[in-house]
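Student: Hey, dropping protein15.tsv in here, TSV, C-alpha atoms and all ligand atoms:
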```
chain	number	residue	atom	x	y	z
D	136	MET	CA	-49.39	-12.77	-15.10
D	137	PRO	CA	-53.05	-12.52	-13.95
D	138	GLU	CA	-54.28	-15.41	-11.79
D	139	THR	CA	-56.74	-16.85	-14.35
D	140	GLN	CA	-54.12	-16.78	-17.11
D	141	ARG	CA	-51.68	-18.48	-14.75
D	142	ASP	CA	-54.23	-21.18	-13.96
D	143	ALA	CA	-54.85	-21.79	-17.67
D	144	LYS	CA	-51.11	-22.06	-18.32
D	145	PHE	CA	-50.73	-24.52	-15.43
D	146	GLU	CA	-53.58	-26.64	-16.76
D	147	GLU	CA	-52.09	-26.60	-20.26
D	148	ILE	CA	-48.74	-27.92	-18.99
D	149	ARG	CA	-50.50	-30.54	-16.85
D	150	GLN	CA	-52.44	-31.83	-19.85
D	151	LEU	CA	-49.41	-31.84	-22.16
D	152	LEU	CA	-47.53	-33.96	-19.63
D	153	GLN	CA	-50.42	-36.36	-19.21
D	154	GLN	CA	-50.48	-36.84	-22.97
D	155	HIS	CA	-46.75	-37.02	-23.76
D	156	TYR	CA	-44.99	-37.80	-20.46
D	157	PRO	CA	-47.40	-39.67	-18.14
D	158	THR	CA	-44.56	-40.53	-15.73
D	159	LEU	CA	-43.96	-36.81	-15.04
D	160	HIS	CA	-46.26	-34.80	-12.77
D	161	LEU	CA	-46.81	-31.10	-12.33
D	162	THR	CA	-47.26	-29.67	-8.83
D	163	CYS	CA	-47.41	-26.22	-7.33
D	164	GLU	CA	-45.35	-25.84	-4.14
D	165	SER	CA	-45.06	-22.44	-2.43
D	166	ARG	CA	-46.28	-20.85	-5.70
D	167	GLN	CA	-43.47	-22.58	-7.62
D	168	TRP	CA	-44.29	-24.90	-10.47
D	169	LEU	CA	-42.42	-28.18	-10.24
D	170	ILE	CA	-42.39	-31.17	-12.54
D	171	LYS	CA	-41.23	-34.36	-10.87
D	172	GLY	CA	-40.96	-37.98	-11.83
D	173	SER	CA	-39.20	-40.45	-14.06
D	174	PHE	CA	-38.00	-39.04	-17.38
D	175	PRO	CA	-37.78	-41.52	-20.29
D	176	VAL	CA	-34.72	-40.90	-22.48
D	177	ARG	CA	-35.46	-41.67	-26.11
D	178	ALA	CA	-33.19	-42.43	-29.04
D	179	ASN	CA	-34.94	-42.62	-32.42
D	180	GLY	CA	-38.27	-42.90	-30.63
D	181	VAL	CA	-37.19	-45.85	-28.45
D	182	GLU	CA	-36.89	-45.53	-24.67
D	183	ILE	CA	-33.34	-46.41	-23.68
D	184	ASP	CA	-33.07	-45.11	-20.12
D	185	HIS	CA	-34.82	-43.30	-17.24
D	186	TYR	CA	-33.76	-40.51	-14.92
D	187	LEU	CA	-35.42	-39.31	-11.74
D	188	ILE	CA	-35.73	-35.55	-12.15
D	189	ALA	CA	-37.25	-32.35	-10.78
D	190	ILE	CA	-37.81	-29.35	-13.05
D	191	LEU	CA	-38.61	-25.85	-11.84
D	192	ILE	CA	-40.70	-23.93	-14.39
D	193	PRO	CA	-40.00	-20.23	-13.93
D	194	GLN	CA	-42.52	-17.47	-14.55
D	195	GLY	CA	-41.80	-16.11	-18.00
D	196	PHE	CA	-41.13	-19.54	-19.52
D	197	PRO	CA	-39.99	-20.03	-22.31
D	198	ARG	CA	-37.98	-16.78	-22.25
D	199	ASN	CA	-36.73	-17.89	-18.84
D	200	ALA	CA	-35.27	-21.37	-18.99
D	201	PRO	CA	-36.41	-24.12	-16.60
D	202	LEU	CA	-33.98	-25.33	-13.93
D	203	VAL	CA	-33.54	-29.07	-13.71
D	204	LYS	CA	-31.97	-31.42	-11.20
D	205	GLU	CA	-31.27	-35.14	-11.41
D	206	LEU	CA	-32.37	-36.80	-8.17
D	207	GLY	CA	-31.05	-40.33	-8.59
D	208	GLY	CA	-27.38	-39.48	-7.91
D	209	ARG	CA	-26.22	-40.60	-11.35
D	210	ILE	CA	-24.90	-37.27	-12.58
D	211	GLN	CA	-21.84	-36.06	-10.67
D	212	GLU	CA	-21.49	-32.43	-9.61
D	213	HIS	CA	-18.37	-31.63	-11.54
D	214	PRO	CA	-18.07	-29.06	-14.33
D	215	ASP	CA	-16.86	-31.73	-16.74
D	216	TRP	CA	-20.23	-33.37	-16.32
D	217	HIS	CA	-22.08	-30.27	-17.43
D	218	VAL	CA	-23.54	-29.49	-14.01
D	219	TYR	CA	-23.78	-25.99	-12.59
D	220	GLN	CA	-22.41	-25.57	-9.09
D	221	GLU	CA	-25.86	-25.17	-7.54
D	222	GLY	CA	-26.66	-28.69	-8.72
D	223	PHE	CA	-28.73	-27.61	-11.70
D	224	LEU	CA	-27.92	-29.32	-14.98
D	225	CYS	CA	-26.27	-27.24	-17.68
D	226	LEU	CA	-28.36	-28.01	-20.77
D	227	PHE	CA	-27.25	-25.12	-22.95
D	228	SER	CA	-25.28	-21.89	-22.75
D	229	PRO	CA	-27.34	-18.84	-21.66
D	230	LEU	CA	-26.56	-17.19	-25.01
D	231	GLU	CA	-28.18	-20.09	-26.90
D	232	ARG	CA	-31.34	-20.50	-24.83
D	233	TRP	CA	-33.34	-18.82	-27.64
D	234	LYS	CA	-32.36	-21.59	-30.08
D	235	HIS	CA	-33.71	-24.27	-27.73
D	236	LEU	CA	-36.63	-22.29	-26.34
D	237	PRO	CA	-38.01	-19.88	-28.96
D	238	GLU	CA	-41.09	-17.78	-28.15
D	239	THR	CA	-43.38	-20.58	-29.39
D	240	ALA	CA	-41.79	-23.31	-27.24
D	241	THR	CA	-43.97	-25.42	-24.95
D	242	ILE	CA	-42.86	-27.69	-22.15
D	243	ILE	CA	-42.79	-30.54	-24.69
D	244	THR	CA	-40.29	-28.60	-26.84
D	245	TYR	CA	-38.04	-28.49	-23.81
D	246	LEU	CA	-38.50	-32.14	-22.76
D	247	ASP	CA	-38.25	-33.64	-26.27
D	248	GLY	CA	-35.38	-31.33	-27.21
D	249	ALA	CA	-32.79	-29.98	-24.81
D	250	LEU	CA	-33.52	-32.26	-21.85
D	251	ASN	CA	-33.68	-35.47	-23.87
D	252	ASP	CA	-30.46	-34.55	-25.74
D	253	TYR	CA	-28.70	-33.79	-22.48
D	254	LEU	CA	-29.72	-37.01	-20.71
D	255	PHE	CA	-28.99	-39.04	-23.83
D	256	SER	CA	-25.43	-37.66	-23.70
D	257	GLN	CA	-25.14	-38.64	-20.04
D	258	THR	CA	-26.30	-42.20	-20.76
D	259	TYR	CA	-23.89	-42.40	-23.70
D	260	HIS	CA	-21.06	-41.17	-21.49
D	261	GLU	CA	-21.87	-43.75	-18.79
D	262	LYS	CA	-21.76	-46.50	-21.38
D	263	HIS	CA	-18.80	-45.46	-23.54
D	264	GLY	CA	-16.72	-43.22	-21.26
D	265	LYS	CA	-16.83	-40.35	-23.76
D	266	TRP	CA	-19.28	-37.70	-24.90
D	267	PRO	CA	-21.15	-38.01	-28.19
D	268	LEU	CA	-19.69	-35.94	-31.03
D	269	GLY	CA	-20.74	-32.34	-31.48
D	270	GLU	CA	-21.03	-31.68	-27.75
D	271	ARG	CA	-20.80	-27.97	-26.88
D	272	GLY	CA	-18.33	-27.11	-24.09
D	273	HIS	CA	-19.74	-26.06	-20.73
D	274	GLY	CA	-19.47	-22.77	-18.82
D	275	ALA	CA	-17.06	-20.17	-20.20
D	276	ARG	CA	-15.87	-22.55	-22.91
D	277	GLY	CA	-19.39	-23.01	-24.28
D	278	ILE	CA	-19.95	-19.26	-24.26
D	279	ARG	CA	-16.68	-18.69	-26.11
D	280	GLU	CA	-17.44	-21.40	-28.68
D	281	TYR	CA	-20.80	-19.82	-29.42
D	282	LEU	CA	-19.32	-16.30	-29.73
D	283	ILE	CA	-16.56	-17.49	-32.07
D	284	GLU	CA	-19.24	-19.01	-34.31
D	285	GLU	CA	-21.54	-16.00	-34.07
D	286	LEU	CA	-18.93	-13.25	-34.45
D	287	GLY	CA	-16.35	-15.03	-36.60
D	288	THR	CA	-13.50	-13.99	-34.30
D	289	ASP	CA	-11.89	-15.20	-31.08
D	290	ASP	CA	-10.83	-11.65	-30.09
D	291	LEU	CA	-11.86	-11.39	-26.44
D	292	SER	CA	-12.23	-7.59	-26.49
D	293	VAL	CA	-14.75	-7.89	-29.35
D	294	MET	CA	-16.64	-10.59	-27.43
D	295	ARG	CA	-16.70	-8.50	-24.26
D	296	ARG	CA	-17.98	-5.35	-26.06
D	297	PHE	CA	-20.61	-7.43	-27.84
D	298	LEU	CA	-21.90	-8.84	-24.52
D	299	GLU	CA	-21.75	-5.42	-22.83
D	300	TYR	CA	-23.95	-3.95	-25.56
D	301	LEU	CA	-26.36	-6.90	-25.40
D	302	GLY	CA	-26.66	-6.31	-21.66
D	303	LYS	CA	-27.89	-2.71	-22.19
D	304	LYS	CA	-31.61	-1.93	-22.26
D	305	LYS	CA	-31.25	-0.10	-25.59
D	306	ILE	CA	-28.59	-0.25	-28.31
D	307	ARG	CA	-27.62	3.30	-29.39
D	308	GLY	CA	-26.69	3.85	-33.02
D	309	GLN	CA	-23.94	6.34	-32.21
D	310	TRP	CA	-21.89	3.86	-30.16
D	311	ARG	CA	-18.65	2.59	-31.69
D	312	CYS	CA	-19.29	-0.83	-33.19
D	313	TYR	CA	-18.31	-3.78	-31.03
D	314	CYS	CA	-16.39	-5.28	-33.97
D	315	GLY	CA	-13.56	-2.74	-33.68
D	316	SER	CA	-14.05	-1.14	-37.12
D	317	GLY	CA	-14.11	2.31	-35.48
D	318	LYS	CA	-17.41	3.09	-37.23
D	319	GLN	CA	-20.63	4.02	-35.46
D	320	ILE	CA	-22.67	0.89	-34.90
D	321	ARG	CA	-25.54	2.20	-37.09
D	322	PHE	CA	-23.17	2.18	-40.08
D	323	CYS	CA	-21.76	-1.25	-39.20
D	324	HIS	CA	-23.26	-4.21	-37.28
D	325	LEU	CA	-26.53	-2.68	-36.01
D	326	ALA	CA	-28.80	-5.21	-37.76
D	327	LYS	CA	-26.89	-8.16	-36.36
D	328	ILE	CA	-26.76	-6.98	-32.77
D	329	SER	CA	-30.38	-5.77	-32.79
D	330	ASP	CA	-31.53	-9.22	-33.89
D	331	LEU	CA	-29.65	-10.91	-31.05
D	332	HIS	CA	-30.74	-8.23	-28.58
D	333	ASN	CA	-34.31	-9.41	-29.24
D	334	LYS	CA	-33.42	-13.07	-28.71
D	335	ILE	CA	-30.99	-12.92	-25.78
D	336	THR	CA	-32.32	-11.43	-22.53
D	337	LEU	CA	-30.36	-8.76	-20.65
D	338	ALA	CA	-29.91	-11.20	-17.77
D	339	GLU	CA	-28.49	-13.86	-20.11
D	340	ALA	CA	-26.02	-11.41	-21.70
D	341	ARG	CA	-24.87	-10.05	-18.33
D	342	TYR	CA	-24.50	-13.53	-16.87
D	343	ALA	CA	-22.45	-14.68	-19.89
D	344	LEU	CA	-20.14	-11.66	-19.52
D	345	GLN	CA	-19.62	-12.45	-15.81
D	346	VAL	CA	-18.75	-16.07	-16.55
D	347	LEU	CA	-16.33	-15.03	-19.31
D	348	ASP	CA	-14.65	-12.41	-17.09
D	349	ARG	CA	-14.28	-14.81	-14.19
D	350	ALA	CA	-12.65	-17.37	-16.47
D	351	MET	CA	-10.23	-14.72	-17.80
D	352	GLN	CA	-9.27	-13.60	-14.29
D	353	ARG	CA	-8.56	-17.15	-13.21
D	354	LYS	CA	-6.14	-17.57	-16.11
D	355	LEU	CA	-4.33	-14.34	-15.11
D	356	VAL	CA	-3.70	-15.49	-11.54
D	357	GLU	CA	-2.85	-19.10	-12.37
H	401	ZN	ZN	-19.08	-3.59	-36.85
```
Would you put the structure from the file into structure tokens?
Ligand SMILES: [Zn+2]
Tutor:
Amino acid sequence: MPETQRDAKFEEIRQLLQQHYPTLHLTCESRQWLIKGSFPVRANGVEIDHYLIAILIPQGFPRNAPLVKELGGRIQEHPDWHVYQEGFLCLFSPLERWKHLPETATIITYLDGALNDYLFSQTYHEKHGKWPLGERGHGARGIREYLIEELGTDDLSVMRRFLEYLGKKKIRGQWRCYCGSGKQIRFCHLAKISDLHNKITLAEARYALQVLDRAMQRKLVE
């Protein structure tokens, strides 16, 4: 991104925060954009809690998702608590980033939506010892749950082929369809996979396949 465009984008985020989240502040450290401060968790418009957080805004936001850490030591680093190993919070599965951060998303979309939902769940869990209903599983389980919904099957070979194709730069019509029909993809599920190829980045598809494969291997050796 050219420097002037980058400056304008930075200023836009700074102003949005000032307006909607005055307790959060945008800084630029070693050319990285960081939002730090106290995040107010809201339920039906009412503030019910606060978390000390730091958010890294990547270049290419919103197609690249922000990385967020909780700094107050309230969220434990255990997969059951929806935390990635590197200490970043796991707000949504990589395959569903596009639902939470469509092309038109701003930083407020992210804060009001995925981040608020996530921290609300954490507060609920602290209080009641269980997760709110409708919680998506984390890691490989979340990826599998999404694929079962999206593809209407829990056949792992179909899921793997689907992710392999999504991880390619271009989908070729003459490939065998991922669904296992034996037909060429152009006579089968081309429209469906092309749509998701536009929404899910290559990196997201490849990462999801890695996570799924690692989970499968672990089950084989256990
Ligand atoms: Zn098909």
Student: Using all atoms listed in the file, tabulate the residues of chain D lying at most 7 Å from any atom of ligand ZN 401 (chain H), each with its closest atom pair and that distance in Å to one decimal, by chain and increasing residue number, as a Markdown table.
Tutor:
```
| residue | atom | partner | partner_atom | distance |
| --- | --- | --- | --- | --- |
| D:Cys312 | CA | H:ZN401 | ZN | 4.6 |
| D:Tyr313 | CA | H:ZN401 | ZN | 5.9 |
| D:Cys314 | CA | H:ZN401 | ZN | 4.3 |
| D:Gly315 | CA | H:ZN401 | ZN | 6.4 |
| D:Ser316 | CA | H:ZN401 | ZN | 5.6 |
| D:Lys318 | CA | H:ZN401 | ZN | 6.9 |
| D:Ile320 | CA | H:ZN401 | ZN | 6.1 |
| D:Cys323 | CA | H:ZN401 | ZN | 4.3 |
| D:His324 | CA | H:ZN401 | ZN | 4.2 |
```
Student: Given all atoms listed in the file as the basis, pick out the residue of D:Ile188, D:Val181, D:Ala143, D:Ala275 nearest to His160 of chain D.
Tutor: D:Ile188
Student: Within 9 Å of Leu246 of chain D, counting all atoms listed in the file, which residues show up once you throw out same-chain ones fewer than 6 positions away? Write them as a count of residues only, please.
Tutor: 3
Student: What's the 10 Å shell around Leu236 of chain D, counting all atoms listed in the file, without same-chain residues fewer than 4 positions away, as JSON, numbers by chain?
Tutor: {"D": [196, 197, 198, 199, 200, 201, 231, 232, 240, 241, 242, 244, 245, 248, 249]}
Student: Write out as a list in words the residues lying within 7 Å of Leu202 of chain D, counting all atoms listed in the file and excluding same-chain residues fewer than 5 positions away.
Tutor: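 Final neighbour list, sorted by chain and number: Ile190, Leu191, Ile192 and Phe223 of chain D.
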Student: Using all atoms listed in the file, which of the listed residues (D:Cys163, D:Ile335, D:Leu250, D:Met294) sits closest to Pro175 of chain D?
Tutor: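 The shortest atom-to-atom distance to Pro175 of chain D comes from D:Leu250.
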Student: Can you tell me, as a VMD selection string, what residues are no more than 10 Å from segment 277-288 of chain D when counting only C-alpha atoms, ignoring any on the same chain fewer than 5 positions away?
Tutor: chain D and resid 227 to 231 270 to 272 293 to 295 297 to 298 314 327 343 to 344 346 to 347
Student: Determine, counting all atoms listed in the file, which protein, DNA and RNA residues have an atom within 10 Å of an atom of segment 329-332 of chain D; residues of the same chain fewer than 2 positions away are not included. Present the result as a PyMOL selection string.
Tutor: chain D and resi 230+233+298+300-306+324-327+334-337+340
Student: Go through D:Arg307, D:Lys171, D:Arg177, D:Arg149 and flag the residue nearest Phe322 of chain D, using only C-alpha atoms for the distances.
Tutor: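 Result for the nearest residue to Phe322 of chain D: D:Arg307.
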Student: Can you measure atom CA of Leu206 of chain D to atom CA of His185 of chain D for me? One decimal in Å is fine.
Tutor: 11.4 Å
Student: So how many Å separate atom CA of Leu161 of chain D and atom CA of Thr239 of chain D, to one decimal?
Tutor: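 It comes out at 20.3 Å.
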Student: Draw an axis-aligned box over all listed atoms of segment 294-309 of chain D, pad each side with 3 Å, and write its centre and edge lengths in Å, one decimal, as JSON.
Tutor:
```
{"center_x": -24.1, "center_y": -2.1, "center_z": -27.3, "size_x": 21.0, "size_y": 22.9, "size_z": 17.4}
```
